Every structure is written in C-alpha cells, then in structure tokens.
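S.K.: File target-v5.txt below, compact mmCIF, C-alpha atoms:
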# COMPACT_ATOMS: atom_id res chain seq x y z
CA ASP A 1 0.00 0.00 0.00
CA GLU A 2 2.79 2.41 0.83
CA ASP A 3 4.37 1.63 -2.55
CA ASP A 4 1.08 2.44 -4.32
CA ASP A 5 0.83 5.74 -2.45
CA ASP A 6 4.38 6.63 -3.43
CA GLU A 7 3.67 5.92 -7.12
CA GLU A 8 0.51 8.02 -7.06
CA GLU A 9 2.36 10.89 -5.42
CA GLU A 10 5.14 10.67 -8.00
CA GLU A 11 2.59 10.70 -10.87
CA GLU A 12 0.91 13.79 -9.39
CA MET A 13 4.28 15.57 -9.21
CA ASN A 14 5.03 14.70 -12.86
CA LEU A 15 1.65 16.04 -13.93
CA THR A 16 2.25 19.26 -11.98
CA GLU A 17 5.64 19.77 -13.61
CA LEU A 18 4.18 19.01 -17.05
CA SER A 19 1.39 21.56 -16.49
CA ALA A 20 3.88 24.21 -15.36
CA SER A 21 6.05 23.53 -18.42
CA LEU A 22 3.06 23.84 -20.75
CA ASN A 23 2.04 27.10 -19.12
CA ARG A 24 5.54 28.50 -19.59
CA GLN A 25 5.54 27.47 -23.26
CA LYS A 26 2.08 28.99 -23.78
CA GLY A 27 3.25 32.28 -22.24
CA GLY A 28 6.26 32.36 -24.53
CA PHE A 29 4.10 31.63 -27.59
CA ASP A 30 1.60 34.35 -26.61
CA ARG A 31 4.39 36.91 -26.30
CA TRP A 32 5.82 35.89 -29.68
CA ALA A 33 2.41 36.05 -31.39
CA HIS A 34 1.74 39.50 -29.88
CA SER A 35 5.06 40.83 -31.15
CA ARG A 36 4.37 39.50 -34.66
CA LEU A 37 0.92 41.13 -34.73
CA ASN A 38 2.47 44.45 -33.70
CA ALA A 39 5.05 44.14 -36.48
CA VAL A 40 2.37 43.41 -39.10
CA GLU A 41 0.30 46.41 -37.95
CA SER A 42 3.35 48.67 -38.17
CA ILE A 43 4.04 47.50 -41.75
CA ARG A 44 0.39 48.06 -42.72
CA GLN A 45 0.39 51.63 -41.36
CA LYS A 46 3.66 52.45 -43.14
CA HIS A 47 2.24 51.02 -46.37
CA GLN A 48 -0.79 53.31 -46.12
CA ILE A 49 1.43 56.36 -45.53
CA ASP A 50 3.68 55.47 -48.49
CA MET A 51 0.68 54.92 -50.76
CA LYS A 52 -0.84 58.29 -49.83
CA LYS A 53 2.48 60.06 -50.43
CA ALA A 54 2.94 58.30 -53.80
CA ASN A 55 -0.56 59.27 -54.95
CA THR A 56 0.03 62.91 -53.98
CA GLU A 57 3.37 63.14 -55.79
CA TYR A 58 1.94 61.41 -58.84
CA GLU A 59 -0.95 63.86 -59.08
CA GLU A 60 1.43 66.83 -58.77
CA LEU A 61 3.70 65.48 -61.50
CA LYS A 62 0.74 64.74 -63.76
CA GLU A 63 -0.62 68.28 -63.33
CA ASN A 64 2.81 69.82 -64.08
CA GLN A 65 3.22 67.58 -67.11
CA GLU A 66 -0.14 68.67 -68.51
CA LYS A 67 0.82 72.33 -68.06
CA LEU A 68 4.12 71.79 -69.84
CA VAL A 69 2.42 69.98 -72.72
CA SER A 70 -0.03 72.89 -73.07
CA GLU A 71 2.85 75.38 -73.11
CA VAL A 72 4.68 73.38 -75.78
CA GLU A 73 1.56 73.30 -77.95
CA LYS A 74 1.14 77.07 -77.64
CA LEU A 75 4.80 77.60 -78.55
CA HIS A 76 4.45 75.35 -81.59
CA THR A 77 1.40 77.31 -82.74
CA SER A 78 3.25 80.59 -82.26
CA ILE A 79 6.26 79.27 -84.17
CA GLU A 80 4.08 78.26 -87.10
CA GLU A 81 2.46 81.71 -87.19
CA GLU A 82 5.81 83.48 -87.03
CA ASN A 83 7.17 81.20 -89.73
CA GLU A 84 4.23 82.00 -92.00
CA GLU A 85 4.73 85.74 -91.45
CA ALA A 86 8.44 85.48 -92.21
CA HIS A 87 7.70 83.46 -95.35
CA ALA A 88 5.16 86.06 -96.48
CA LEU A 89 7.69 88.86 -95.99
CA VAL A 90 10.31 86.98 -98.00
CA GLN A 91 7.83 86.48 -100.84
CA LYS A 92 6.92 90.17 -100.69
CA LEU A 93 10.58 91.15 -100.82
CA GLU A 94 11.26 88.87 -103.77
CA ALA A 95 8.25 90.23 -105.63
CA LYS A 96 9.38 93.80 -105.06
CA GLN A 97 12.91 93.04 -106.22
CA LYS A 98 11.66 91.35 -109.39
CA SER A 99 9.47 94.28 -110.30
CA ALA A 100 12.44 96.67 -110.01
CA LEU A 101 10.11 99.24 -108.43
CA LEU A 102 11.36 98.86 -104.87
CA LEU A 103 13.41 101.72 -103.45
CA PRO A 104 16.65 100.86 -101.59
CA GLU A 105 15.20 102.19 -98.32
CA GLU A 106 12.19 99.87 -98.56
CA VAL A 107 14.44 96.94 -99.42
CA ASN A 108 16.51 97.58 -96.32
CA ARG A 109 13.40 97.98 -94.20
CA LEU A 110 11.98 94.68 -95.41
CA LYS A 111 15.32 92.97 -94.94
CA ASP A 112 15.46 94.22 -91.36
CA GLU A 113 11.91 93.07 -90.75
CA VAL A 114 12.67 89.64 -92.20
CA SER A 115 15.80 89.45 -90.02
CA LEU A 116 13.77 90.29 -86.92
CA LYS A 117 11.20 87.64 -87.79
CA VAL A 118 13.92 85.05 -88.33
CA ASP A 119 15.47 85.92 -84.95
CA LEU A 120 12.07 85.69 -83.26
CA LEU A 121 11.42 82.35 -84.93
CA GLN A 122 14.74 81.03 -83.63
CA ARG A 123 13.93 82.21 -80.10
CA ARG A 124 10.55 80.48 -80.33
CA LYS A 125 12.26 77.28 -81.42
CA ASP A 126 14.70 77.56 -78.50
CA GLU A 127 11.80 78.07 -76.08
CA ALA A 128 10.00 75.06 -77.51
CA SER A 129 13.15 72.97 -77.13
CA MET A 130 13.49 74.05 -73.48
CA ALA A 131 9.83 73.28 -72.79
CA HIS A 132 10.26 69.84 -74.38
CA SER A 133 13.32 69.24 -72.20
CA LYS A 134 11.28 70.15 -69.12
CA THR A 135 8.57 67.73 -70.17
CA GLU A 136 11.13 64.94 -70.56
CA THR A 137 12.50 65.75 -67.12
CA LYS A 138 9.02 65.46 -65.60
CA LEU A 139 8.47 62.15 -67.34
CA GLN A 140 11.78 60.91 -65.95
CA SER A 141 10.68 62.01 -62.47
CA LEU A 142 7.43 60.13 -62.99
CA GLN A 143 9.39 57.02 -63.91
CA LYS A 144 11.63 57.44 -60.84
CA LEU A 145 8.52 57.64 -58.68
CA SER A 146 7.28 54.44 -60.28
CA ASN A 147 10.64 52.75 -59.61
CA LEU A 148 10.63 53.97 -56.00
CA TYR A 149 7.19 52.67 -55.07
CA GLY A 150 6.72 49.93 -57.65
CA GLU A 151 8.31 47.09 -55.68
CA LYS A 152 6.84 48.16 -52.32
CA LEU A 153 3.30 49.06 -53.40
CA GLY A 154 2.96 47.01 -56.56
CA LEU A 155 2.19 50.16 -58.63
CA HIS A 156 3.88 51.14 -61.89
CA PHE A 157 3.01 53.26 -64.90
CA VAL A 158 4.60 53.81 -68.31
CA HIS A 159 3.75 55.52 -71.57
CA THR A 160 2.69 52.94 -74.12
CA ASN A 161 1.98 52.79 -77.86
CA SER A 162 -1.53 53.18 -79.20
CA ALA A 163 -3.18 50.09 -80.60
CA SER A 164 -4.23 52.18 -83.61
CA GLY A 165 -0.68 53.44 -84.21
CA ASP A 166 -1.85 57.06 -84.27
CA ALA A 167 0.93 59.42 -83.14
CA SER A 168 -1.44 61.73 -81.27
CA ASP A 169 -2.73 58.79 -79.24
CA ASN A 170 0.82 57.70 -78.37
CA ASP A 171 1.55 61.02 -76.70
CA ASN A 172 -1.44 60.68 -74.36
CA ALA A 173 -1.37 56.92 -73.60
CA LEU A 174 -0.51 55.82 -70.06
CA ARG A 175 -0.43 52.22 -68.83
CA ILE A 176 -1.19 51.75 -65.11
CA GLY A 177 -0.05 48.39 -63.71
CA PHE A 178 -0.30 46.58 -60.39
CA THR A 179 1.23 43.59 -58.68
CA GLN A 180 0.82 42.44 -55.05
CA ILE A 181 -2.92 41.86 -55.64
CA ASP A 182 -3.26 38.07 -55.85
CA ARG A 183 -1.95 36.57 -52.59
CA ARG A 184 -1.45 33.23 -54.30
CA ASN A 185 0.65 34.88 -57.01
CA PRO A 186 1.91 38.33 -55.79
CA GLU A 187 3.92 38.95 -58.99
CA LYS A 188 0.92 38.49 -61.29
CA LYS A 189 0.40 41.68 -63.35
CA PHE A 190 -2.91 43.55 -63.55
CA TRP A 191 -3.04 46.61 -65.84
CA PHE A 192 -5.07 48.97 -67.98
CA ASP A 193 -4.42 51.79 -70.45
CA VAL A 194 -5.78 55.34 -70.14
CA ARG A 195 -5.75 57.74 -73.08
CA ILE A 196 -6.71 61.39 -73.39
CA MET A 197 -8.96 61.75 -76.41
CA SER A 198 -9.23 64.71 -78.81
CA ASP A 199 -12.12 66.16 -76.77
CA ASP A 200 -9.96 66.08 -73.59
CA THR A 201 -11.89 63.17 -72.05
CA TYR A 202 -10.34 60.03 -70.55
CA SER A 203 -10.78 56.67 -72.25
CA VAL A 204 -10.00 53.41 -70.41
CA GLN A 205 -8.77 50.69 -72.77
CA ASP A 206 -7.06 47.29 -72.84
CA VAL A 207 -7.97 46.15 -69.30
CA SER A 208 -6.17 42.95 -68.30
CA PRO A 209 -7.69 40.87 -66.85
CA GLN A 210 -11.18 42.06 -67.74
CA VAL A 211 -13.29 43.30 -64.81
CA ASN A 212 -16.86 44.56 -64.54
CA GLY A 213 -17.85 48.20 -64.02
CA VAL A 214 -14.96 49.84 -65.91
CA LYS A 215 -17.26 52.06 -68.02
CA ASP A 216 -18.97 53.36 -64.88
CA LEU A 217 -15.58 54.26 -63.38
CA GLU A 218 -14.60 55.96 -66.66
CA LYS A 219 -17.75 58.14 -66.53
CA GLU A 220 -17.02 59.00 -62.91
CA LEU A 221 -13.41 59.95 -63.78
CA ASN A 222 -14.53 62.27 -66.59
CA ALA A 223 -17.08 63.83 -64.23
CA ASP A 224 -14.89 64.57 -61.19
CA GLN A 225 -11.37 64.48 -62.81
CA ASP A 226 -10.05 62.69 -59.68
CA PHE A 227 -7.42 60.42 -61.26
CA SER A 228 -6.02 59.21 -57.95
CA LYS A 229 -9.43 57.98 -56.78
CA PHE A 230 -9.98 56.30 -60.13
CA VAL A 231 -6.68 54.37 -59.86
CA ARG A 232 -7.58 53.20 -56.34
CA LYS A 233 -11.00 51.99 -57.48
CA MET A 234 -9.51 50.12 -60.44
CA ARG A 235 -7.09 48.38 -58.07
CA ARG A 236 -10.05 47.43 -55.87
CA LYS A 237 -11.80 45.96 -58.94
CA PHE A 238 -8.77 43.79 -59.66
CA LYS A 239 -8.62 42.62 -56.02
CA GLU A 240 -12.31 41.70 -56.15
CA SER A 241 -11.70 39.67 -59.31
CA VAL A 242 -9.32 37.32 -57.49
Show the structure stored in the file as structure tokens.

M.R.:
Amino acid sequence: DEDDDDEEEEEEMNLTELSASLNRQKGGFDRWAHSRLNAVESIRQKHQIDMKKANTEYEELKENQEKLVSEVEKLHTSIEEENEEAHALVQKLEAKQKSALLLPEEVNRLKDEVSLKVDLLQRRKDEASMAHSKTETKLQSLQKLSNLYGEKLGLHFVHTNSASGDASDNDNALRIGFTQIDRRNPEKKFWFDVRIMSDDTYSVQDVSPQVNGVKDLEKELNADQDFSKFVRKMRRKFKESV
C-alpha cells in the first residue's frame, strides 16, 4: 500500500511539472504572437502612408506635365504663325525686287523686318526645345517615382503605344499596372491603359484581366477628374476579381 501511495504521489508531481512547463511554453508563444501582430500592424500603417504620399506626388507630376504639354503646344502654334509671317515677308521682298520698283530704303526695311522675324522664330524654337526638355525631365521624375514605389506598393506606370498606331494617341497613352494583388501569385500583373482623347476626355482601354464596371468608373473619372481615386477603385476591382 505504501508503494502504491508513493507511485501516485510521483505521478501527481510529474503532472504538476508538465502543467507548469506547458504554461511557460504557452506564455512564450503568446508573447511571440503578440510581437508579430504588432510588427504586421506597423508595416500596414507604413504602407498606407507610403501609398498616400505616392498618390500625392503622382498627381502633382501629372498636373505639371499637362501644363508643360499645353505650353509646348502654344509655342508650336506661335512658331508656325511666325514662320508664315516670315515666309510672307520673304515672298513680298522677292516680288518687289523682281518688279524693279522697290526703293533701296524699302528693301533695307523689309530685310530688317525679315531678319527680326527670323530671330524671333529662332527664339521660339529655342523656347519650344526648353519646354520639351522640361517635359522629358518630368516624365523621368514620374518614372523614378514608379521605380521607388513599384516594388513596395505594386504600382507602376509607363507611356505605351496606341493600338491604332496614331501618333497623337501615343503622346497621351498611359499604362497603369499593379502587382501584389493576388496573394497566391503576388507577382501576377494587372493593368489597364488610359488615353486622353481629342475632346480632352479620358478613355479606359485594354484592361487585363477584364473586370466589370470599368465604363462606370470611366464616366465618374470624366465627371470629377479625380485620377487618384480612379486608380484606387480600379485596383479594388482587380482585387475583387481574385
């Protein structure tokens, strides 16, 4: 009987030690799990901050690019007008010289006027070249922004060729792409093209993969001109599709 009591007491001690060991392991696991949850929350908050900053910088660059494009177009128009005026003056001068009725003073005056027009035309060309250089710089900044946030946020955008091959479409075509959408395949690419049409409206084309509701989002974009919100909603459409 005493031996049985001793065995029971020993078994109770082993169970007590086992319970204490399990409790210690559970406490360690709980602390580890809590620290991992905190780390995940910190990454999520930083991701939101980075996304907001990227959207803001993108919108600023897009607005500046549109202004520069408008300035270049105005300069080109002005150059063409000045070129036409200079050409008209040259023709007038040649006609006067051929008729032999032009006085030397008028010849000199017309020559001076032609010279001034030529100088003005050259300055216009120089201004157009500088404006084009600024536009290229902005596009490079846009690409740098894409490179900076592309890997972290899964967002990238590039100018792409028009499916129709029309040069005017090429200048206004922008491809918006995403990764980090499908958890089973984070590197899978989701993208769509946006083009500015001749009537200054946006047209969403070549969506891959196809999702529902794109035309409604296009109408909303043309109504409120909020490109950042439109990009976020398109990303949400892609996430819903997976």

S.K.: Hey, can you check how far CA of Glu187 in chain A sits from CA of Lys215 in chain A?

M.R.: 26.5 Å

S.K.: Check the smallest atom-to-atom distance from each of A:Glu127, A:Arg175, A:Glu8, A:Trp191 to Leu68 in chain A using all atoms listed in the file, then report the winner.

M.R.: A:Glu127

S.K.: If you measure from CA of Lys52 in chain A to CA of Lys189 in chain A, what distance in Å do you get, rounded to one decimal?

M.R.: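 These atoms are spaced 21.5 Å apart.
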
S.K.: Which one is closest to Arg232 in chain A: A:Glu9, A:Gly213, A:Leu155, A:Asp119? Count all atoms listed in the file.

M.R.: A:Leu155

S.K.: Report as a VMD selection string all protein, DNA and RNA residues lying within 8 Å of range 81-93 of chain A, evaluated on only C-alpha atoms, omitting residues in the same chain fewer than 2 positions from it.

M.R.: chain A and resid 77 to 79 95 to 97 107 110 to 111 113 to 114 117 to 118 120 to 121

S.K.: Write out, as a short mmCIF file (atom, residue, chain, number, x, y, z; two decimals), in the frame of the given file, the residues just selected, with C-alpha atoms.

M.R.:
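Result written to result28.cif:
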data_model
loop_
_atom_site.label_atom_id
_atom_site.label_comp_id
_atom_site.auth_asym_id
_atom_site.auth_seq_id
_atom_site.Cartn_x
_atom_site.Cartn_y
_atom_site.Cartn_z
CA THR A 77 1.40 77.31 -82.74
CA SER A 78 3.25 80.59 -82.26
CA ILE A 79 6.26 79.27 -84.17
CA ALA A 95 8.25 90.23 -105.63
CA LYS A 96 9.38 93.80 -105.06
CA GLN A 97 12.91 93.04 -106.22
CA VAL A 107 14.44 96.94 -99.42
CA LEU A 110 11.98 94.68 -95.41
CA LYS A 111 15.32 92.97 -94.94
CA GLU A 113 11.91 93.07 -90.75
CA VAL A 114 12.67 89.64 -92.20
CA LYS A 117 11.20 87.64 -87.79
CA VAL A 118 13.92 85.05 -88.33
CA LEU A 120 12.07 85.69 -83.26
CA LEU A 121 11.42 82.35 -84.93
#

S.K.: Considering only C-alpha atoms, state which residue in the set A:Arg36, A:His156, A:Lys237, A:Lys26 is at the smallest distance from Thr179 in chain A.

M.R.: A:His156

S.K.: Point out the residue among A:Asn14, A:Ser21, A:Gln180, A:Asn64 with the least atom-to-atom distance to Lys239 in chain A, counting all atoms listed in the file.

M.R.: A:Gln180

S.K.: Mind giving me the straight-line distance from CA of Gln205 in chain A to CA of Ala223 in chain A in Å, one decimal?

M.R.: 17.7 Å
